[in-house]
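Structure below is model-v1.cif: mmCIF, N, CA and C atoms.
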data_run
loop_
_atom_site.group_PDB
_atom_site.id
_atom_site.type_symbol
_atom_site.label_atom_id
_atom_site.label_comp_id
_atom_site.auth_asym_id
_atom_site.auth_seq_id
_atom_site.Cartn_x
_atom_site.Cartn_y
_atom_site.Cartn_z
ATOM 1 N N MET A 30 117.322 106.421 94.169
ATOM 2 C CA MET A 30 117.523 105.059 93.748
ATOM 3 C C MET A 30 116.938 104.893 92.339
ATOM 4 N N LYS A 31 117.710 104.324 91.466
ATOM 5 C CA LYS A 31 117.289 104.151 90.082
ATOM 6 C C LYS A 31 116.491 102.859 89.924
ATOM 7 N N SER A 32 115.497 102.895 89.055
ATOM 8 C CA SER A 32 114.675 101.704 88.864
ATOM 9 C C SER A 32 115.485 100.566 88.245
ATOM 10 N N ARG A 33 116.491 100.902 87.475
ATOM 11 C CA ARG A 33 117.364 99.879 86.886
ATOM 12 C C ARG A 33 118.027 99.052 87.988
ATOM 13 N N ASP A 34 118.463 99.725 89.043
ATOM 14 C CA ASP A 34 119.099 99.030 90.171
ATOM 15 C C ASP A 34 118.096 98.154 90.915
ATOM 16 N N ILE A 35 116.872 98.641 91.040
ATOM 17 C CA ILE A 35 115.843 97.881 91.758
ATOM 18 C C ILE A 35 115.476 96.617 90.997
ATOM 19 N N TRP A 36 115.395 96.697 89.665
ATOM 20 C CA TRP A 36 115.058 95.525 88.860
ATOM 21 C C TRP A 36 116.094 94.416 89.015
ATOM 22 N N GLU A 37 117.325 94.769 89.333
ATOM 23 C CA GLU A 37 118.378 93.774 89.492
ATOM 24 C C GLU A 37 118.343 93.107 90.865
ATOM 25 N N MET A 38 117.559 93.633 91.800
ATOM 26 C CA MET A 38 117.467 93.077 93.146
ATOM 27 C C MET A 38 116.496 91.901 93.190
ATOM 28 N N THR A 39 116.652 91.079 94.210
ATOM 29 C CA THR A 39 115.695 89.998 94.445
ATOM 30 C C THR A 39 114.494 90.594 95.197
ATOM 31 N N PRO A 40 113.349 89.922 95.174
ATOM 32 C CA PRO A 40 112.180 90.436 95.910
ATOM 33 C C PRO A 40 112.456 90.636 97.406
ATOM 34 N N ASP A 41 113.261 89.766 98.013
ATOM 35 C CA ASP A 41 113.584 89.942 99.433
ATOM 36 C C ASP A 41 114.407 91.204 99.669
ATOM 37 N N GLU A 42 115.341 91.480 98.778
ATOM 38 C CA GLU A 42 116.136 92.701 98.901
ATOM 39 C C GLU A 42 115.250 93.934 98.732
ATOM 40 N N ILE A 43 114.299 93.852 97.811
ATOM 41 C CA ILE A 43 113.385 94.978 97.597
ATOM 42 C C ILE A 43 112.534 95.204 98.845
ATOM 43 N N ARG A 44 112.046 94.120 99.448
ATOM 44 C CA ARG A 44 111.251 94.251 100.676
ATOM 45 C C ARG A 44 112.078 94.894 101.794
ATOM 46 N N ASN A 45 113.347 94.525 101.906
ATOM 47 C CA ASN A 45 114.218 95.127 102.926
ATOM 48 C C ASN A 45 114.410 96.617 102.666
ATOM 49 N N LYS A 46 114.632 96.975 101.408
ATOM 50 C CA LYS A 46 114.782 98.399 101.053
ATOM 51 C C LYS A 46 113.490 99.153 101.335
ATOM 52 N N LEU A 47 112.355 98.504 101.060
ATOM 53 C CA LEU A 47 111.059 99.128 101.297
ATOM 54 C C LEU A 47 110.842 99.376 102.791
ATOM 55 N N ASP A 48 111.220 98.410 103.621
ATOM 56 C CA ASP A 48 111.130 98.589 105.069
ATOM 57 C C ASP A 48 112.024 99.735 105.531
ATOM 58 N N ASP A 49 113.234 99.805 104.984
ATOM 59 C CA ASP A 49 114.151 100.896 105.338
ATOM 60 C C ASP A 49 113.586 102.253 104.919
ATOM 61 N N ALA A 50 112.979 102.286 103.737
ATOM 62 C CA ALA A 50 112.413 103.541 103.236
ATOM 63 C C ALA A 50 111.228 103.989 104.094
ATOM 64 N N HIS A 51 110.397 103.041 104.525
ATOM 65 C CA HIS A 51 109.281 103.397 105.406
ATOM 66 C C HIS A 51 109.792 103.932 106.742
ATOM 67 N N ALA A 52 110.840 103.328 107.264
ATOM 68 C CA ALA A 52 111.426 103.802 108.522
ATOM 69 C C ALA A 52 112.009 105.205 108.349
ATOM 70 N N GLU A 53 112.674 105.431 107.221
ATOM 71 C CA GLU A 53 113.238 106.759 106.964
ATOM 72 C C GLU A 53 112.134 107.796 106.822
ATOM 73 N N MET A 54 111.035 107.423 106.157
ATOM 74 C CA MET A 54 109.914 108.343 105.988
ATOM 75 C C MET A 54 109.316 108.709 107.344
ATOM 76 N N PHE A 55 109.197 107.715 108.231
ATOM 77 C CA PHE A 55 108.701 107.989 109.582
ATOM 78 C C PHE A 55 109.605 108.996 110.284
ATOM 79 N N ASN A 56 110.915 108.774 110.227
ATOM 80 C CA ASN A 56 111.860 109.681 110.883
ATOM 81 C C ASN A 56 111.822 111.072 110.273
ATOM 82 N N LEU A 57 111.695 111.154 108.949
ATOM 83 C CA LEU A 57 111.636 112.462 108.297
ATOM 84 C C LEU A 57 110.372 113.228 108.690
ATOM 85 N N ARG A 58 109.250 112.514 108.761
ATOM 86 C CA ARG A 58 108.005 113.173 109.180
ATOM 87 C C ARG A 58 108.126 113.687 110.614
ATOM 88 N N PHE A 59 108.762 112.899 111.451
ATOM 89 C CA PHE A 59 108.960 113.319 112.837
ATOM 90 C C PHE A 59 109.838 114.570 112.890
ATOM 91 N N GLN A 60 110.939 114.566 112.150
ATOM 92 C CA GLN A 60 111.826 115.732 112.111
ATOM 93 C C GLN A 60 111.089 116.957 111.579
ATOM 94 N N PHE A 61 110.253 116.744 110.569
ATOM 95 C CA PHE A 61 109.497 117.842 109.982
ATOM 96 C C PHE A 61 108.538 118.446 111.005
ATOM 97 N N SER A 62 107.884 117.578 111.773
ATOM 98 C CA SER A 62 106.879 118.066 112.722
ATOM 99 C C SER A 62 107.493 118.856 113.876
ATOM 100 N N ILE A 63 108.715 118.520 114.258
ATOM 101 C CA ILE A 63 109.332 119.262 115.360
ATOM 102 C C ILE A 63 110.282 120.357 114.867
ATOM 103 N N GLY A 64 110.355 120.529 113.558
ATOM 104 C CA GLY A 64 111.119 121.642 113.005
ATOM 105 C C GLY A 64 112.612 121.419 112.899
ATOM 106 N N GLN A 65 113.070 120.189 112.886
ATOM 107 C CA GLN A 65 114.501 119.917 112.796
ATOM 108 C C GLN A 65 114.937 119.485 111.398
ATOM 109 N N MET A 66 114.053 119.502 110.454
ATOM 110 C CA MET A 66 114.369 118.993 109.125
ATOM 111 C C MET A 66 115.292 119.960 108.385
ATOM 112 N N GLN A 67 116.354 119.415 107.813
ATOM 113 C CA GLN A 67 117.309 120.217 107.064
ATOM 114 C C GLN A 67 116.937 120.308 105.585
ATOM 115 N N ASN A 68 116.442 119.205 105.034
ATOM 116 C CA ASN A 68 116.174 119.136 103.595
ATOM 117 C C ASN A 68 114.733 118.668 103.382
ATOM 118 N N ASN A 69 113.835 119.609 103.115
ATOM 119 C CA ASN A 69 112.424 119.278 102.932
ATOM 120 C C ASN A 69 112.183 118.436 101.688
ATOM 121 N N ALA A 70 113.023 118.562 100.690
ATOM 122 C CA ALA A 70 112.836 117.818 99.441
ATOM 123 C C ALA A 70 113.032 116.319 99.646
ATOM 124 N N ARG A 71 113.717 115.954 100.710
ATOM 125 C CA ARG A 71 113.973 114.527 100.970
ATOM 126 C C ARG A 71 112.675 113.763 101.213
ATOM 127 N N LEU A 72 111.650 114.417 101.768
ATOM 128 C CA LEU A 72 110.353 113.774 101.974
ATOM 129 C C LEU A 72 109.785 113.269 100.639
ATOM 130 N N GLY A 73 109.812 114.108 99.642
ATOM 131 C CA GLY A 73 109.308 113.727 98.325
ATOM 132 C C GLY A 73 110.141 112.640 97.678
ATOM 133 N N GLN A 74 111.453 112.720 97.861
ATOM 134 C CA GLN A 74 112.332 111.700 97.289
ATOM 135 C C GLN A 74 112.052 110.333 97.887
ATOM 136 N N VAL A 75 111.895 110.287 99.201
ATOM 137 C CA VAL A 75 111.643 109.013 99.868
ATOM 138 C C VAL A 75 110.263 108.487 99.476
ATOM 139 N N ARG A 76 109.287 109.382 99.372
ATOM 140 C CA ARG A 76 107.946 108.965 98.961
ATOM 141 C C ARG A 76 107.971 108.340 97.565
ATOM 142 N N ARG A 77 108.717 108.949 96.662
ATOM 143 C CA ARG A 77 108.836 108.392 95.304
ATOM 144 C C ARG A 77 109.613 107.081 95.301
ATOM 145 N N ASP A 78 110.641 106.978 96.157
ATOM 146 C CA ASP A 78 111.379 105.718 96.268
ATOM 147 C C ASP A 78 110.467 104.593 96.755
ATOM 148 N N ILE A 79 109.608 104.896 97.728
ATOM 149 C CA ILE A 79 108.667 103.893 98.231
ATOM 150 C C ILE A 79 107.728 103.454 97.110
ATOM 151 N N ALA A 80 107.227 104.401 96.343
ATOM 152 C CA ALA A 80 106.330 104.063 95.239
ATOM 153 C C ALA A 80 107.058 103.234 94.184
ATOM 154 N N ARG A 81 108.288 103.608 93.872
ATOM 155 C CA ARG A 81 109.069 102.883 92.875
ATOM 156 C C ARG A 81 109.341 101.451 93.334
ATOM 157 N N LEU A 82 109.749 101.291 94.594
ATOM 158 C CA LEU A 82 110.023 99.963 95.140
ATOM 159 C C LEU A 82 108.761 99.102 95.143
ATOM 160 N N SER A 83 107.653 99.680 95.567
ATOM 161 C CA SER A 83 106.393 98.933 95.619
ATOM 162 C C SER A 83 105.939 98.508 94.226
ATOM 163 N N THR A 84 106.073 99.401 93.260
ATOM 164 C CA THR A 84 105.646 99.106 91.901
ATOM 165 C C THR A 84 106.468 97.978 91.295
ATOM 166 N N ILE A 85 107.769 98.045 91.449
ATOM 167 C CA ILE A 85 108.635 97.022 90.867
ATOM 168 C C ILE A 85 108.459 95.689 91.592
ATOM 169 N N LEU A 86 108.266 95.729 92.903
ATOM 170 C CA LEU A 86 108.018 94.493 93.643
ATOM 171 C C LEU A 86 106.736 93.832 93.145
ATOM 172 N N ARG A 87 105.692 94.605 92.932
ATOM 173 C CA ARG A 87 104.431 94.057 92.430
ATOM 174 C C ARG A 87 104.608 93.515 91.012
ATOM 175 N N ALA A 88 105.357 94.196 90.174
ATOM 176 C CA ALA A 88 105.596 93.719 88.810
ATOM 177 C C ALA A 88 106.344 92.391 88.834
ATOM 178 N N LYS A 89 107.300 92.263 89.731
ATOM 179 C CA LYS A 89 108.031 90.992 89.845
ATOM 180 C C LYS A 89 107.113 89.880 90.337
ATOM 181 N N GLN A 90 106.190 90.205 91.244
ATOM 182 C CA GLN A 90 105.238 89.209 91.717
ATOM 183 C C GLN A 90 104.337 88.743 90.574
ATOM 184 N N LEU A 91 103.901 89.683 89.751
ATOM 185 C CA LEU A 91 103.048 89.331 88.619
ATOM 186 C C LEU A 91 103.804 88.531 87.570
ATOM 187 N N GLN A 92 105.093 88.801 87.401
ATOM 188 C CA GLN A 92 105.900 88.041 86.454
ATOM 189 C C GLN A 92 106.049 86.596 86.910
ATOM 190 N N SER A 93 106.170 86.403 88.233
ATOM 191 C CA SER A 93 106.380 85.051 88.737
ATOM 192 C C SER A 93 105.101 84.220 88.674
ATOM 193 N N THR A 94 103.931 84.874 88.695
ATOM 194 C CA THR A 94 102.679 84.129 88.560
ATOM 195 C C THR A 94 102.368 83.963 87.076
ATOM 196 N N GLY A 95 101.556 83.009 86.769
ATOM 197 C CA GLY A 95 101.201 82.768 85.377
ATOM 198 C C GLY A 95 100.203 83.788 84.872
ATOM 199 N N PRO A 96 100.026 83.851 83.563
ATOM 200 C CA PRO A 96 99.062 84.798 82.992
ATOM 201 C C PRO A 96 97.622 84.441 83.355
ATOM 202 N N GLN A 97 97.352 83.195 83.743
ATOM 203 C CA GLN A 97 96.009 82.787 84.136
ATOM 204 C C GLN A 97 95.532 83.568 85.353
ATOM 205 N N GLU A 98 96.393 83.687 86.351
ATOM 206 C CA GLU A 98 96.005 84.368 87.576
ATOM 207 C C GLU A 98 95.821 85.860 87.357
ATOM 208 N N GLN A 99 96.566 86.446 86.441
ATOM 209 C CA GLN A 99 96.428 87.867 86.162
ATOM 210 C C GLN A 99 95.092 88.150 85.491
ATOM 211 N N ALA A 100 94.651 87.251 84.619
ATOM 212 C CA ALA A 100 93.424 87.474 83.863
ATOM 213 C C ALA A 100 92.181 87.324 84.729
ATOM 214 N N THR A 101 92.263 86.633 85.844
ATOM 215 C CA THR A 101 91.084 86.394 86.671
ATOM 216 C C THR A 101 90.836 87.498 87.687
ATOM 217 N N ALA A 102 91.686 88.501 87.742
ATOM 218 C CA ALA A 102 91.502 89.586 88.704
ATOM 219 C C ALA A 102 90.256 90.391 88.322
ATOM 220 N N PRO A 103 89.419 90.744 89.298
ATOM 221 C CA PRO A 103 88.216 91.508 88.993
ATOM 222 C C PRO A 103 88.567 92.926 88.560
ATOM 223 N N VAL A 104 87.765 93.448 87.669
ATOM 224 C CA VAL A 104 87.974 94.797 87.161
ATOM 225 C C VAL A 104 86.954 95.708 87.830
ATOM 226 N N ALA A 105 87.446 96.773 88.463
ATOM 227 C CA ALA A 105 86.554 97.703 89.151
ATOM 228 C C ALA A 105 86.034 98.732 88.155
ATOM 229 N N LYS A 106 84.758 99.065 88.310
ATOM 230 C CA LYS A 106 84.182 100.101 87.454
ATOM 231 C C LYS A 106 84.569 101.466 87.987
ATOM 232 N N ARG A 107 84.726 102.400 87.099
ATOM 233 C CA ARG A 107 85.100 103.740 87.493
ATOM 234 C C ARG A 107 83.891 104.656 87.391
ATOM 235 N N GLY A 108 83.774 105.507 88.370
ATOM 236 C CA GLY A 108 82.805 106.597 88.385
ATOM 237 C C GLY A 108 81.544 106.375 87.567
ATOM 238 N N GLY A 109 81.053 107.421 87.003
ATOM 239 C CA GLY A 109 79.864 107.336 86.164
ATOM 240 C C GLY A 109 78.613 107.556 86.979
ATOM 241 N N ARG A 110 77.536 107.717 86.257
ATOM 242 C CA ARG A 110 76.259 107.979 86.897
ATOM 243 C C ARG A 110 75.447 106.708 86.923
ATOM 244 N N SER A 111 74.862 106.384 88.041
ATOM 245 C CA SER A 111 74.004 105.192 88.098
ATOM 246 C C SER A 111 72.604 105.578 87.668
ATOM 247 N N LYS A 112 71.934 104.658 87.021
ATOM 248 C CA LYS A 112 70.587 104.956 86.495
ATOM 249 C C LYS A 112 69.531 104.268 87.289
#
Turn the structure described in the file into C-alpha cells.
Amino acid sequence: MKSRDIWEMTPDEIRNKLDDAHAEMFNLRFQFSIGQMQNNARLGQVRRDIARLSTILRAKQLQSTGPQEQATAPVAKRGGRSK
C-alpha cells in the first residue's frame, strides 16, 4: 500500500485498513507457527503497512488539532548518565 493512497483516505477508512492489517498479521503469524506459510516476506510487508497506516493516522490527528496542543506535549529525556 502506497502512502500517497493512505493520505487520500479519511481517518475512519485508515482505522478500518489498520484493523484489517492487524487481523492479517495475526493470521500470518499463526500460519508461520504451524508451518503453512507460503510467503515469509509477507510478514514484513504487513508490519510495514501497519506502521505506515499508524504514522499517517497520527499525522492526520495532529493536523486536525491546533498547534497549541502539539506544543504542550511533554518531552521525554533520552538516556544519559545521572549524577
Quiz item: Distance atom CA of Lys31 of chain A-atom CA of Phe59 of chain A, one decimal place?
Solution: 25.9 Å
Quiz prompt | Distance of atom C of Met38 of chain A from atom CA of Ser93 of chain A, expressed in Å to one decimal place | solution =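 Computed distance, atom CA of Ser93 of chain A to atom C of Met38 of chain A, equals 13.0 Å.
Coordinates place atom CA of Leu47 of chain A at a distance of 20.3 Å from atom N of Thr94 of chain A.
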Axis-aligned box for all listed atoms of segment 36-54 of chain A, 3 Å per side, centre and edges in Å to one decimal, as lines of an AutoDock Vina configuration file:
center_x = 113.8
center_y = 99.2
center_z = 98.7
size_x = 15.1
size_y = 24.9
size_z = 25.7
Quiz prompt | Resolved residues for the PyMOL selection byres (((chain A and resi 34 and name CA) around 12) and name CA) as a PyMOL selection string | solution = chain A and resi 30-33+35-39+42-43+46+78+81-82+85
Exercise. Write down as a ChimeraX atom specification the residues of segment 52-102 of chain A whose backbone DSSP state falls under alpha helix (DSSP H).
Key: /A:52-63,70-93,96-100
